[in-house]
$ cat structure-v1.cif   # mmCIF, C-alpha atoms
data_protein
loop_
_atom_site.label_atom_id
_atom_site.label_comp_id
_atom_site.auth_asym_id
_atom_site.auth_seq_id
_atom_site.Cartn_x
_atom_site.Cartn_y
_atom_site.Cartn_z
CA MET W 1152 0.00 0.00 0.00
CA LEU W 1153 1.30 3.40 -0.90
CA CYS W 1154 2.34 5.77 1.86
CA SER W 1155 0.14 8.85 2.37
CA SER W 1156 1.63 12.36 2.25
CA SER W 1157 1.70 12.59 6.06
CA CYS W 1158 3.45 9.21 6.18
CA LEU W 1159 6.09 10.40 3.70
CA ARG W 1160 6.56 13.62 5.65
CA ALA W 1161 7.04 11.65 8.88
CA PHE W 1162 9.57 9.41 7.13
CA ALA W 1163 11.50 12.44 5.86
CA LEU W 1164 11.52 14.00 9.31
CA ALA W 1165 12.72 10.71 10.78
CA LEU W 1166 15.59 10.68 8.27
CA LEU W 1167 16.39 14.25 9.24
CA PHE W 1168 16.44 13.31 12.92
CA VAL W 1169 18.76 10.37 12.25
CA ALA W 1170 21.07 12.64 10.28
CA LEU W 1171 21.19 15.21 13.05
CA SER W 1172 21.71 12.61 15.75
CA ALA W 1173 24.55 10.70 14.14
CA ALA W 1174 26.43 13.53 12.51
CA GLU W 1175 30.04 14.55 12.91
CA ALA W 1176 31.64 17.42 10.99
CA PHE W 1177 32.96 21.01 10.09
CA ALA W 1178 32.85 23.94 7.19
CA HIS W 1179 30.59 26.31 5.27
CA CYS W 1180 31.42 27.98 1.98
CA PHE W 1181 35.03 29.16 2.39
CA VAL W 1182 37.01 28.98 -0.86
CA GLY W 1183 40.54 30.08 -0.08
CA PRO W 1184 40.18 33.50 1.56
CA ARG W 1185 36.69 33.97 0.11
CA PHE W 1186 33.52 33.32 2.06
CA LEU W 1187 30.46 32.90 -0.13
CA PRO W 1188 27.31 33.37 1.97
CA ALA W 1189 24.21 31.23 1.58
CA THR W 1190 22.12 33.00 -1.02
CA LEU W 1191 18.39 33.43 -0.39
CA ALA W 1192 16.79 32.77 -3.75
CA THR W 1193 19.37 30.66 -5.55
CA ASP W 1194 21.66 27.81 -4.55
CA ASP W 1195 25.19 28.39 -3.29
CA PRO W 1196 28.09 26.34 -4.62
CA CYS W 1197 29.17 24.35 -1.56
CA VAL W 1198 28.08 21.31 0.36
CA ALA W 1199 27.61 22.43 3.93
CA ASP W 1200 26.15 21.83 7.36
CA GLU W 1201 23.61 24.60 7.58
CA ILE W 1202 19.95 25.27 8.18
CA SER W 1203 17.71 28.03 6.91
CA LEU W 1204 15.23 28.54 9.72
CA PRO W 1205 13.17 30.11 8.35
CA THR W 1206 13.02 31.75 4.95
CA VAL W 1207 10.00 34.03 4.74
CA ALA W 1208 8.64 35.48 1.50
CA TRP W 1209 5.76 37.84 0.82
CA SER W 1210 4.54 38.69 -2.64
CA LYS W 1211 1.52 39.41 -4.79
CA THR W 1212 0.67 37.01 -7.56
CA GLY W 1213 0.21 37.92 -11.20
CA ASP W 1214 -3.52 37.14 -11.05
CA VAL W 1215 -6.13 39.82 -11.71
CA PRO W 1216 -6.91 40.91 -9.07
CA ALA W 1217 -3.65 39.90 -7.40
CA ALA W 1218 -3.67 37.48 -4.49
CA THR W 1219 -1.36 37.90 -1.51
CA GLU W 1220 1.06 35.04 -0.88
CA TRP W 1221 3.12 34.17 2.21
CA ASP W 1222 5.71 31.39 2.02
CA ILE W 1223 7.59 30.07 5.03
CA SER W 1224 10.38 27.58 4.26
CA VAL W 1225 12.86 25.50 6.19
CA GLU W 1226 15.86 23.80 4.59
CA LEU W 1227 18.56 21.67 6.18
CA SER W 1228 21.84 20.93 4.41
CA LYS W 1229 24.04 18.15 5.75
CA ARG W 1230 27.37 16.80 4.60
CA ILE W 1231 27.69 13.02 4.29
CA THR W 1232 31.39 13.24 3.42
CA GLU W 1233 33.62 16.27 2.82
CA ASP W 1234 32.38 16.45 -0.81
CA LEU W 1235 28.97 14.82 -0.73
CA GLY W 1236 25.92 16.36 0.87
CA ILE W 1237 22.17 16.27 1.03
CA SER W 1238 19.52 18.83 1.71
CA ILE W 1239 15.86 18.58 2.61
CA GLY W 1240 13.33 21.33 2.74
CA ASP W 1241 9.69 22.21 2.64
CA THR W 1242 7.53 25.31 2.25
CA TRP W 1243 4.24 26.25 3.85
CA SER W 1244 2.23 28.66 1.76
CA ASN W 1245 -0.78 30.83 2.38
CA ILE W 1246 -2.45 32.43 -0.63
CA HIS W 1247 -5.22 34.89 0.13
CA GLN W 1248 -7.51 35.89 -2.72
CA PRO W 1249 -9.11 39.36 -2.63
CA GLY W 1250 -12.57 37.81 -2.35
CA GLY W 1251 -11.68 36.14 0.94
CA PHE W 1252 -10.83 32.68 -0.35
CA THR W 1253 -7.61 31.31 1.14
CA GLN W 1254 -5.45 28.34 0.20
CA ALA W 1255 -2.95 27.14 2.77
CA GLY W 1256 -0.72 24.11 3.15
CA PHE W 1257 2.64 22.54 2.49
CA GLY W 1258 4.28 22.22 -0.88
CA ASN W 1259 5.98 19.00 -1.89
CA LEU W 1260 9.08 17.95 0.02
CA GLU W 1261 12.24 18.91 -1.81
CA THR W 1262 15.53 17.11 -1.46
CA ALA W 1263 18.90 17.51 -3.14
CA LEU W 1264 21.91 15.25 -3.46
CA GLN W 1265 24.99 17.41 -3.92
CA TYR W 1266 28.56 16.72 -4.96
CA GLN W 1267 31.39 19.23 -4.60
CA LEU W 1268 33.21 19.10 -7.94
CA LEU W 1269 35.88 21.64 -7.12
CA LYS W 1270 37.09 24.12 -4.54
CA ASN W 1271 40.04 26.12 -5.83
CA GLY W 1272 41.32 28.48 -3.15
CA PRO W 1273 43.77 30.61 -5.14
CA HIS W 1274 41.11 31.36 -7.76
CA GLU W 1275 38.23 31.47 -5.26
CA LEU W 1276 36.29 29.07 -7.48
CA ALA W 1277 33.72 26.51 -6.32
CA LEU W 1278 31.76 24.12 -8.54
CA LEU W 1279 28.94 21.86 -7.45
CA LEU W 1280 26.59 19.34 -9.09
CA GLU W 1281 23.24 18.51 -7.56
CA LEU W 1282 20.11 16.54 -8.28
CA VAL W 1283 17.09 18.33 -6.88
CA VAL W 1284 13.98 16.20 -6.43
CA GLU W 1285 10.54 17.51 -5.58
CA TRP W 1286 8.61 14.54 -4.30
CA GLY W 1287 5.14 14.49 -5.84
CA GLY W 1288 2.16 13.91 -3.59
CA THR W 1289 3.95 14.87 -0.37
CA GLY W 1290 2.28 18.27 -0.11
CA ALA W 1291 -1.20 19.77 -0.18
CA VAL W 1292 -2.23 18.47 -3.59
CA ASP W 1293 -5.93 18.99 -2.89
CA SER W 1294 -5.33 22.69 -2.19
CA GLY W 1295 -3.46 23.13 -5.44
CA LEU W 1296 -0.23 24.02 -3.60
CA ALA W 1297 1.57 20.83 -4.59
CA THR W 1298 1.57 18.52 -7.56
CA PRO W 1299 0.86 14.78 -7.56
CA TRP W 1300 3.86 14.28 -9.82
CA SER W 1301 7.54 14.64 -8.97
CA THR W 1302 10.21 16.67 -10.71
CA LEU W 1303 13.91 15.92 -11.15
CA THR W 1304 16.29 18.83 -11.71
CA PRO W 1305 19.95 18.10 -12.39
CA THR W 1306 21.69 21.38 -11.64
CA PHE W 1307 25.16 22.88 -12.00
CA VAL W 1308 26.14 25.57 -9.49
CA PHE W 1309 29.24 27.75 -9.45
CA GLY W 1310 30.78 30.51 -7.36
CA LYS W 1311 33.71 32.74 -8.21
CA GLY W 1312 35.40 35.47 -6.23
CA PHE W 1313 37.53 38.08 -7.94
CA GLY W 1314 40.25 38.28 -5.32
CA ASP W 1315 42.69 36.70 -7.78
CA LEU W 1316 42.67 39.85 -9.89
CA PRO W 1317 45.86 41.95 -9.70
CA ASP W 1318 46.17 44.22 -6.69
CA SER W 1319 45.74 47.20 -9.00
CA PHE W 1320 42.03 46.33 -9.25
CA GLY W 1321 41.78 47.44 -5.62
CA TRP W 1322 38.28 47.38 -4.12
CA LEU W 1323 36.86 45.60 -7.19
CA ARG W 1324 38.48 42.39 -5.94
CA ALA W 1325 35.81 42.14 -3.25
CA PHE W 1326 33.16 41.26 -5.87
CA ALA W 1327 32.00 37.68 -6.36
CA ILE W 1328 29.40 35.98 -8.49
CA THR W 1329 27.45 32.76 -8.14
CA GLY W 1330 25.16 31.06 -10.62
CA GLN W 1331 23.16 27.97 -11.33
CA ILE W 1332 21.54 26.27 -14.30
CA GLY W 1333 19.26 23.26 -14.08
CA TYR W 1334 16.88 21.30 -16.27
CA GLN W 1335 13.62 20.35 -14.57
CA ILE W 1336 12.02 17.13 -15.77
CA PRO W 1337 8.56 16.18 -14.49
CA THR W 1338 7.77 12.49 -13.95
CA ARG W 1339 4.53 12.96 -15.92
CA SER W 1340 4.13 14.61 -19.28
CA PHE W 1341 0.40 15.34 -19.10
CA ASP W 1342 -1.89 16.59 -16.33
CA VAL W 1343 -5.22 14.86 -16.81
CA ASP W 1344 -7.04 17.11 -14.31
CA SER W 1345 -6.22 20.36 -16.09
CA GLY W 1346 -5.92 18.80 -19.53
CA SER W 1347 -2.55 20.39 -20.16
CA PHE W 1348 0.99 19.32 -20.89
CA ILE W 1349 3.53 19.50 -18.06
CA PRO W 1350 6.56 21.31 -19.46
CA GLN W 1351 10.22 20.62 -19.00
CA VAL W 1352 11.74 23.80 -17.64
CA LEU W 1353 15.14 25.45 -17.71
CA VAL W 1354 15.77 26.81 -14.21
CA TYR W 1355 18.58 29.29 -13.87
CA GLY W 1356 19.79 32.13 -11.73
CA ALA W 1357 22.76 34.15 -10.58
CA SER W 1358 23.96 36.53 -7.93
CA ILE W 1359 26.49 39.32 -7.80
CA GLN W 1360 27.73 40.20 -4.35
CA TYR W 1361 30.16 42.61 -2.75
CA SER W 1362 31.89 41.37 0.38
CA MET W 1363 32.66 44.01 2.98
CA PRO W 1364 34.37 41.35 5.16
CA TYR W 1365 36.67 40.57 2.22
CA LEU W 1366 37.37 44.25 1.62
CA LYS W 1367 38.36 44.67 5.25
CA SER W 1368 40.57 41.60 5.65
CA GLU W 1369 42.12 41.24 2.18
CA ILE W 1370 42.18 44.62 0.44
CA ARG W 1371 41.92 47.60 2.75
CA ASP W 1372 40.63 48.07 6.27
CA TYR W 1373 38.88 51.44 6.18
CA GLN W 1374 38.13 51.19 9.93
CA LEU W 1375 34.42 51.23 9.20
CA PRO W 1376 31.86 50.44 11.92
CA ASP W 1377 31.81 46.75 12.77
CA PHE W 1378 28.24 46.34 11.53
CA ILE W 1379 29.19 47.61 8.07
CA ASN W 1380 32.16 45.25 7.91
CA HIS W 1381 29.79 42.28 8.23
CA LEU W 1382 27.59 43.22 5.27
CA ILE W 1383 27.44 41.62 1.85
CA PRO W 1384 25.21 43.65 -0.50
CA ILE W 1385 23.82 41.31 -3.14
CA VAL W 1386 21.57 41.18 -6.19
CA GLU W 1387 20.05 37.82 -7.00
CA MET W 1388 18.13 36.78 -10.09
CA GLN W 1389 16.12 33.59 -10.48
CA LEU W 1390 14.39 32.65 -13.74
CA SER W 1391 12.63 29.70 -15.31
CA THR W 1392 11.73 29.10 -18.94
CA PRO W 1393 9.59 26.26 -20.30
CA VAL W 1394 11.59 24.66 -23.08
CA ALA W 1395 9.86 21.39 -24.03
CA ASN W 1396 6.50 19.60 -23.85
CA ASN W 1397 4.80 22.95 -23.48
CA LEU W 1398 2.13 22.79 -26.18
CA GLY W 1399 -0.79 25.02 -25.28
CA ASN W 1400 0.95 26.61 -22.27
CA SER W 1401 2.58 30.00 -21.98
CA PRO W 1402 6.21 29.96 -23.12
CA ILE W 1403 6.98 33.05 -21.08
CA THR W 1404 10.06 33.21 -18.87
CA SER W 1405 9.18 34.03 -15.29
CA GLY W 1406 11.27 34.99 -12.31
CA THR W 1407 12.41 37.74 -10.04
CA ILE W 1408 15.33 40.09 -9.48
CA ASN W 1409 16.17 40.57 -5.81
CA PRO W 1410 18.43 43.35 -4.53
CA GLY W 1411 19.24 43.05 -0.86
CA VAL W 1412 21.88 42.60 1.79
CA ILE W 1413 23.21 39.77 3.97
CA TRP W 1414 24.70 40.37 7.40
CA VAL W 1415 27.26 37.67 8.15
CA GLY W 1416 28.03 36.76 11.74
CA THR W 1417 30.11 34.05 13.36
CA TYR W 1418 27.34 31.52 13.82
CA PHE W 1419 24.56 32.77 11.58
CA GLN W 1420 23.64 35.18 8.84
CA VAL W 1421 20.54 37.27 8.28
CA GLY W 1422 19.45 38.28 4.80
CA ALA W 1423 16.75 40.54 3.41
CA GLU W 1424 15.87 41.19 -0.21
CA ALA W 1425 13.26 43.12 -2.17
CA VAL W 1426 11.62 40.97 -4.83
CA PHE W 1427 10.93 42.52 -8.23
CA PRO W 1428 8.99 40.31 -10.67
CA VAL W 1429 10.53 40.36 -14.15
CA ASN W 1430 7.08 40.46 -15.79
CA HIS W 1431 3.38 40.30 -14.92
CA ALA W 1432 3.37 36.52 -15.14
CA SER W 1433 5.88 36.47 -12.28
CA GLY W 1434 3.92 38.64 -9.88
CA THR W 1435 2.70 42.13 -9.11
CA GLY W 1436 4.48 44.90 -7.25
CA VAL W 1437 7.47 44.52 -4.98
CA GLY W 1438 7.72 41.57 -2.62
CA PHE W 1439 10.00 40.73 0.27
CA LEU W 1440 12.30 37.84 1.11
CA GLY W 1441 13.99 37.35 4.47
CA GLN W 1442 16.08 34.56 5.94
CA LEU W 1443 17.79 33.50 9.13
CA HIS W 1444 20.51 31.01 8.26
CA LEU W 1445 22.46 29.07 10.88
CA TYR W 1446 25.98 27.67 10.39
CA LEU W 1447 25.76 24.26 12.04
CA ASP W 1448 29.46 23.57 11.47
CA ASP W 1449 30.38 26.58 13.58
CA MET W 1450 27.61 26.16 16.15
CA PHE W 1451 28.22 22.46 16.75
CA PRO W 1452 31.74 21.75 15.46
CA THR W 1453 32.17 18.44 17.27
CA THR W 1454 28.70 16.96 16.77
CA ILE W 1455 26.15 17.78 14.09
CA GLY W 1456 28.46 20.20 12.29
CA ARG W 1457 30.75 17.47 10.97
CA PRO W 1458 30.30 15.15 7.96
CA LEU W 1459 28.48 11.91 8.71
CA LEU W 1460 31.36 9.90 7.26
CA GLY W 1461 35.07 10.60 7.04
CA GLY W 1462 35.01 13.64 9.32
CA SER W 1463 37.72 12.34 11.60
CA SER W 1464 39.01 14.45 14.44
CA ALA W 1465 42.60 13.72 13.46
CA PRO W 1466 44.71 16.89 13.51
CA PRO W 1467 45.38 18.47 10.11
CA GLN W 1468 48.81 18.69 8.59
CA GLN W 1469 51.09 21.24 10.17
CA VAL W 1470 51.23 24.51 8.27
CA LYS W 1471 54.59 25.17 6.66
CA PHE W 1472 55.47 28.12 4.50
CA MET P 1010 1.20 32.19 18.38
CA ARG P 1011 2.09 28.53 18.98
CA LEU P 1012 4.22 28.55 15.86
CA ARG P 1013 6.07 31.63 17.07
CA VAL P 1014 6.71 30.06 20.48
CA LEU P 1015 7.94 26.87 18.82
CA MET P 1016 10.29 28.78 16.53
CA LEU P 1017 11.71 30.85 19.39
CA SER P 1018 12.17 27.72 21.49
CA LEU P 1019 14.04 25.95 18.70
CA LEU P 1020 16.22 28.99 18.13
CA SER P 1021 17.03 29.43 21.81
CA MET P 1022 17.84 25.70 22.08
CA ALA P 1023 20.14 25.98 19.10
CA LEU P 1024 21.89 29.15 20.21
CA GLY P 1025 21.91 28.20 23.87
CA SER P 1026 23.98 25.09 23.30
CA VAL P 1027 26.46 26.67 20.93
CA ALA P 1028 30.10 25.95 21.59
CA ALA P 1029 32.29 29.04 21.62
CA HIS P 1030 34.27 28.01 18.52
CA ALA P 1031 34.07 28.84 14.83
CA HIS P 1032 36.16 29.82 11.85
CA ALA P 1033 39.05 32.09 12.82
CA VAL P 1034 38.61 35.15 10.62
CA LEU P 1035 41.05 38.04 10.60
CA ASP P 1036 39.54 40.77 12.77
CA HIS P 1037 42.30 43.36 12.48
CA ALA P 1038 45.99 43.65 11.76
CA SER P 1039 48.96 45.85 12.50
CA PRO P 1040 50.03 47.33 10.15
CA VAL P 1041 46.43 47.85 9.08
CA VAL P 1042 45.31 45.89 6.00
CA GLY P 1043 46.08 47.89 2.85
CA SER P 1044 47.62 50.77 4.78
CA THR P 1045 50.69 52.88 4.15
CA VAL P 1046 52.97 53.43 7.14
CA ALA P 1047 55.58 56.14 7.39
CA SER P 1048 58.18 54.07 9.22
CA ALA P 1049 59.04 50.40 8.94
CA PRO P 1050 57.16 48.23 11.46
CA ARG P 1051 59.15 45.78 13.61
CA GLU P 1052 56.47 43.10 13.54
CA VAL P 1053 53.20 42.07 11.99
CA SER P 1054 50.40 41.34 14.42
CA LEU P 1055 47.19 39.58 13.37
CA THR P 1056 44.15 39.35 15.63
CA PHE P 1057 41.50 36.77 14.81
CA THR P 1058 37.91 36.24 15.84
CA GLN P 1059 38.74 32.90 17.51
CA ASN P 1060 41.61 31.38 19.45
CA LEU P 1061 44.22 29.62 17.31
CA GLU P 1062 46.07 26.31 17.40
CA ALA P 1063 49.69 27.47 17.57
CA ASP P 1064 51.23 24.44 15.83
CA PHE P 1065 48.93 24.71 12.84
CA SER P 1066 48.83 28.47 12.29
CA SER P 1067 51.47 30.45 10.45
CA VAL P 1068 52.27 33.73 8.76
CA ARG P 1069 54.92 34.89 6.33
CA VAL P 1070 55.77 38.31 4.98
CA THR P 1071 57.39 38.84 1.58
CA ASP P 1072 58.64 41.80 -0.39
CA ALA P 1073 57.75 42.72 -3.97
CA ASN P 1074 60.25 40.12 -5.25
CA GLY P 1075 58.80 37.33 -3.13
CA ALA P 1076 61.73 37.26 -0.71
CA ARG P 1077 60.82 36.59 2.91
CA VAL P 1078 61.30 39.52 5.25
CA ASP P 1079 59.86 37.98 8.41
CA GLN P 1080 62.04 36.48 11.11
CA GLY P 1081 60.62 32.96 11.03
CA LYS P 1082 58.20 31.19 13.29
CA ALA P 1083 55.18 33.15 14.42
CA VAL P 1084 54.23 33.46 18.05
CA VAL P 1085 50.62 32.54 18.74
CA SER P 1086 48.86 33.60 21.91
CA GLY P 1087 45.11 33.12 22.18
CA ASN P 1088 43.58 34.78 19.14
CA THR P 1089 46.71 36.74 18.18
CA MET P 1090 49.57 35.75 15.90
CA ARG P 1091 52.77 37.84 15.69
CA VAL P 1092 55.90 37.60 13.62
CA GLY P 1093 59.00 39.79 13.78
CA LEU P 1094 60.26 41.58 10.68
CA LYS P 1095 63.71 42.26 9.32
CA SER P 1096 64.62 45.86 8.64
CA LEU P 1097 62.27 46.94 5.88
CA SER P 1098 63.03 49.51 3.23
CA ALA P 1099 60.38 51.52 1.41
CA GLY P 1100 58.10 49.32 -0.64
CA THR P 1101 55.01 47.13 -0.62
CA TYR P 1102 54.92 43.90 1.40
CA ARG P 1103 52.51 40.99 1.36
CA VAL P 1104 51.37 39.17 4.48
CA ARG P 1105 50.07 35.61 3.96
CA TRP P 1106 48.54 33.73 6.85
CA GLN P 1107 46.94 30.41 7.58
CA ALA P 1108 45.04 29.78 10.77
CA LEU P 1109 43.49 26.83 12.47
CA SER P 1110 40.93 27.65 15.11
CA VAL P 1111 40.85 25.53 18.23
CA ASP P 1112 37.96 23.48 16.85
CA THR P 1113 39.99 22.67 13.66
CA HIS P 1114 38.34 25.10 11.23
CA LYS P 1115 41.00 26.17 8.76
CA THR P 1116 41.12 29.64 7.18
CA GLU P 1117 43.63 31.58 5.12
CA GLY P 1118 44.17 35.02 3.66
CA SER P 1119 46.62 37.65 2.55
CA PHE P 1120 46.95 41.41 2.35
CA THR P 1121 49.52 44.06 1.61
CA PHE P 1122 50.89 47.08 3.41
CA THR P 1123 53.28 49.73 2.16
CA VAL P 1124 56.24 51.32 3.91
CA GLY P 1125 57.27 54.86 3.11
CA GLY P 1126 54.34 56.31 1.23
CA ARG P 1127 55.40 55.09 -2.15
#
$ encode --input "structure-v1.cif" --output "structure tokens"
Amino acid sequence: MLCSSSCLRAFALALLFVALSAAEAFAHCFVGPRFLPATLATDDPCVADEISLPTVAWSKTGDVPAATEWDISVELSKRITEDLGISIGDTWSNIHQPGGFTQAGFGNLETALQYQLLKNGPHELALLLELVVEWGGTGAVDSGLATPWSTLTPTFVFGKGFGDLPDSFGWLRAFAITGQIGYQIPTRSFDVDSGSFIPQVLVYGASIQYSMPYLKSEIRDYQLPDFINHLIPIVEMQLSTPVANNLGNSPITSGTINPGVIWVGTYFQVGAEAVFPVNHASGTGVGFLGQLHLYLDDMFPTTIGRPLLGGSSAPPQQVKF
Amino acid sequence: MRLRVLMLSLLSMALGSVAAHAHAVLDHASPVVGSTVASAPREVSLTFTQNLEADFSSVRVTDANGARVDQGKAVVSGNTMRVGLKSLSAGTYRVRWQALSVDTHKTEGSFTFTVGGR
């Protein structure tokens, strides 16, 4: 007998508990001298031991008249080995129509299996491959907030800091970019209920960020207030374009552009972004995205902040110049 | 309301049991990162955000030609690492450091300072 959505959710939470209980580990996204923060709307290019608790988004849909939507998400990322990681997350949504009708419930569970292809310190370059799976039928399908079918999205993620530019580039070396491109494949090609094709979608995004911590510690310490030295101003962009099996549906690209700022602390970061829809199909007006993100590797370095496997406590090699 | 209480409880549990260790990030340096100093400093001092493991933390200082101008092994005390310098002439010098915090998080970085206002 097939498991119900609550059964699947309980199973996922049990897996999460096991992971947290048995873990051993250490590091978030340091690439040489560069720290790449967890981005709010797109993926960052490192396996890590972190949790976003929560991510909160408010927006208005592209409907006429527009509905108001709240999304509250939680996502846990956990390293299995130094280079292999998993993540699991879910989103609770509340969509309020102007007439008083409200839809509320969980979306489908989303997991990702991630592999760290490369971390090159001198060039501040990180590459990551991941397979993102949205598990069909694990959310509020009856409310229309989740689909009964699953999607698979193989995704390539990169991050690059510009600290390897010549010193003459000065403050420009504090810039970094991240990006991702994925191809979303649904496990069904046709939705019988709506009588429409389910498209395959190109999912892509990028961020450009300016690291005040990097400016202070690597380029020039302007003796700015401590709060300023912890800021990373950022602009993120996330887009999706149907590219196949889309007969009868809109071929329009949708997405948002999000300017904002991330404050980076020792054990956590806090981010806030404005959300600008790129077109009417993507939403109406300016939304908001906020996130509290905890670094488990720094908070619990000897327990749940270490990789599940291979994270030995043996001392590292002695540094020799 | 219940959700808010639950979230705050989880957060306080998480933060309340935090160990006082993390990545050792450079907090400040003397000479100041990217600065120009009028007279040659006798040492470079680096202060980090966490205490360091002395045996696994190091710093070297080189001139524009890549020749070392520090006096060898750094002295680590708590969250501070110091290394003496040879007599420096006017010019730009690069400081490269590696640090291991007491909970084995490894970090690295480099910066320059200039002697003599060149």
$ resolve_selection --input "structure-v1.cif" --expression "the PyMOL selection byres ((chain P) within 7 of (chain W))" --output "PyMOL selection string"
chain P and resi 1027-1028+1030-1032+1035+1041-1044+1064-1067+1112+1114+1116-1120
$ resolve_selection --input "structure-v1.cif" --expression "the PyMOL selection byres ((chain W and resi 1290-1296) around 8)" --output "number ranges by chain"
W: 1156, 1244, 1254-1260, 1287-1289, 1297-1299
$ residues_around --input "structure-v1.cif" --residues "P:Ala1063" --least-positions-apart "4" --cutoff "8 Å" --atoms "only C-alpha atoms" --output "PyMOL selection string"
chain P and resi 1067+1084-1086
$ residues_near_point --input "structure-v1.cif" --point "(43.3, 26.8, 17.8)" --cutoff "6 Å" --atoms "only C-alpha atoms" --output "list in words"
Asn1060, Leu1061, Glu1062, Leu1109, Ser1110 and Val1111 of chain P
$ write_last_selection --input "structure-v1.cif" --atoms "C-alpha atoms" --output "tab-separated table (two decimals), in the frame of the given file"
chain	number	residue	atom	x	y	z
P	1060	ASN	CA	41.61	31.38	19.45
P	1061	LEU	CA	44.22	29.62	17.31
P	1062	GLU	CA	46.07	26.31	17.40
P	1109	LEU	CA	43.49	26.83	12.47
P	1110	SER	CA	40.93	27.65	15.11
P	1111	VAL	CA	40.85	25.53	18.23
$ atom_distance --input "structure-v1.cif" --atom1 "atom CA of P:Gly1093" --atom2 "atom CA of P:Pro1040"
12.3 Å
$ resolve_selection --input "structure-v1.cif" --expression "the PyMOL selection byres ((chain W and resi 1390) around 8)" --output "list of chain:residue names"
W:Val1354, W:Tyr1355, W:Gly1356, W:Met1388, W:Gln1389, W:Ser1391, W:Thr1392, W:Thr1404, W:Ser1405, W:Gly1406, W:Thr1407
$ write_last_selection --input "structure-v1.cif" --atoms "C-alpha atoms" --output "compact mmCIF listing (two decimals), in the frame of the given file"
# COMPACT_ATOMS: atom_id res chain seq x y z
CA VAL W 1354 15.77 26.81 -14.21
CA TYR W 1355 18.58 29.29 -13.87
CA GLY W 1356 19.79 32.13 -11.73
CA MET W 1388 18.13 36.78 -10.09
CA GLN W 1389 16.12 33.59 -10.48
CA SER W 1391 12.63 29.70 -15.31
CA THR W 1392 11.73 29.10 -18.94
CA THR W 1404 10.06 33.21 -18.87
CA SER W 1405 9.18 34.03 -15.29
CA GLY W 1406 11.27 34.99 -12.31
CA THR W 1407 12.41 37.74 -10.04
$ atom_distance --input "structure-v1.cif" --atom1 "atom CA of W:Gly1330" --atom2 "atom CA of W:Glu1281"
13.1 Å
$ closest_residue --input "structure-v1.cif" --among "P:Thr1056, P:Thr1089, P:Ser1039, P:Gln1080" --to "P:Thr1121" --atoms "all atoms listed in the file"
P:Ser1039
$ atom_distance --input "structure-v1.cif" --atom1 "atom CA of W:Val1421" --atom2 "atom CA of W:Ile1202"
12.0 Å
$ residues_around --input "structure-v1.cif" --residues "W:Leu1443" --least-positions-apart "2" --cutoff "12 Å" --atoms "only C-alpha atoms" --output "PyMOL selection string"
(chain W and resi 1188-1191+1201-1207+1223-1226+1413-1416+1418-1423+1440-1441+1445-1446) or (chain P and resi 1016+1020)
$ closest_residue --input "structure-v1.cif" --among "P:Gln1059, P:Thr1123, P:Ser1096, P:Ser1054" --to "P:Arg1077" --atoms "all atoms listed in the file"
P:Ser1096
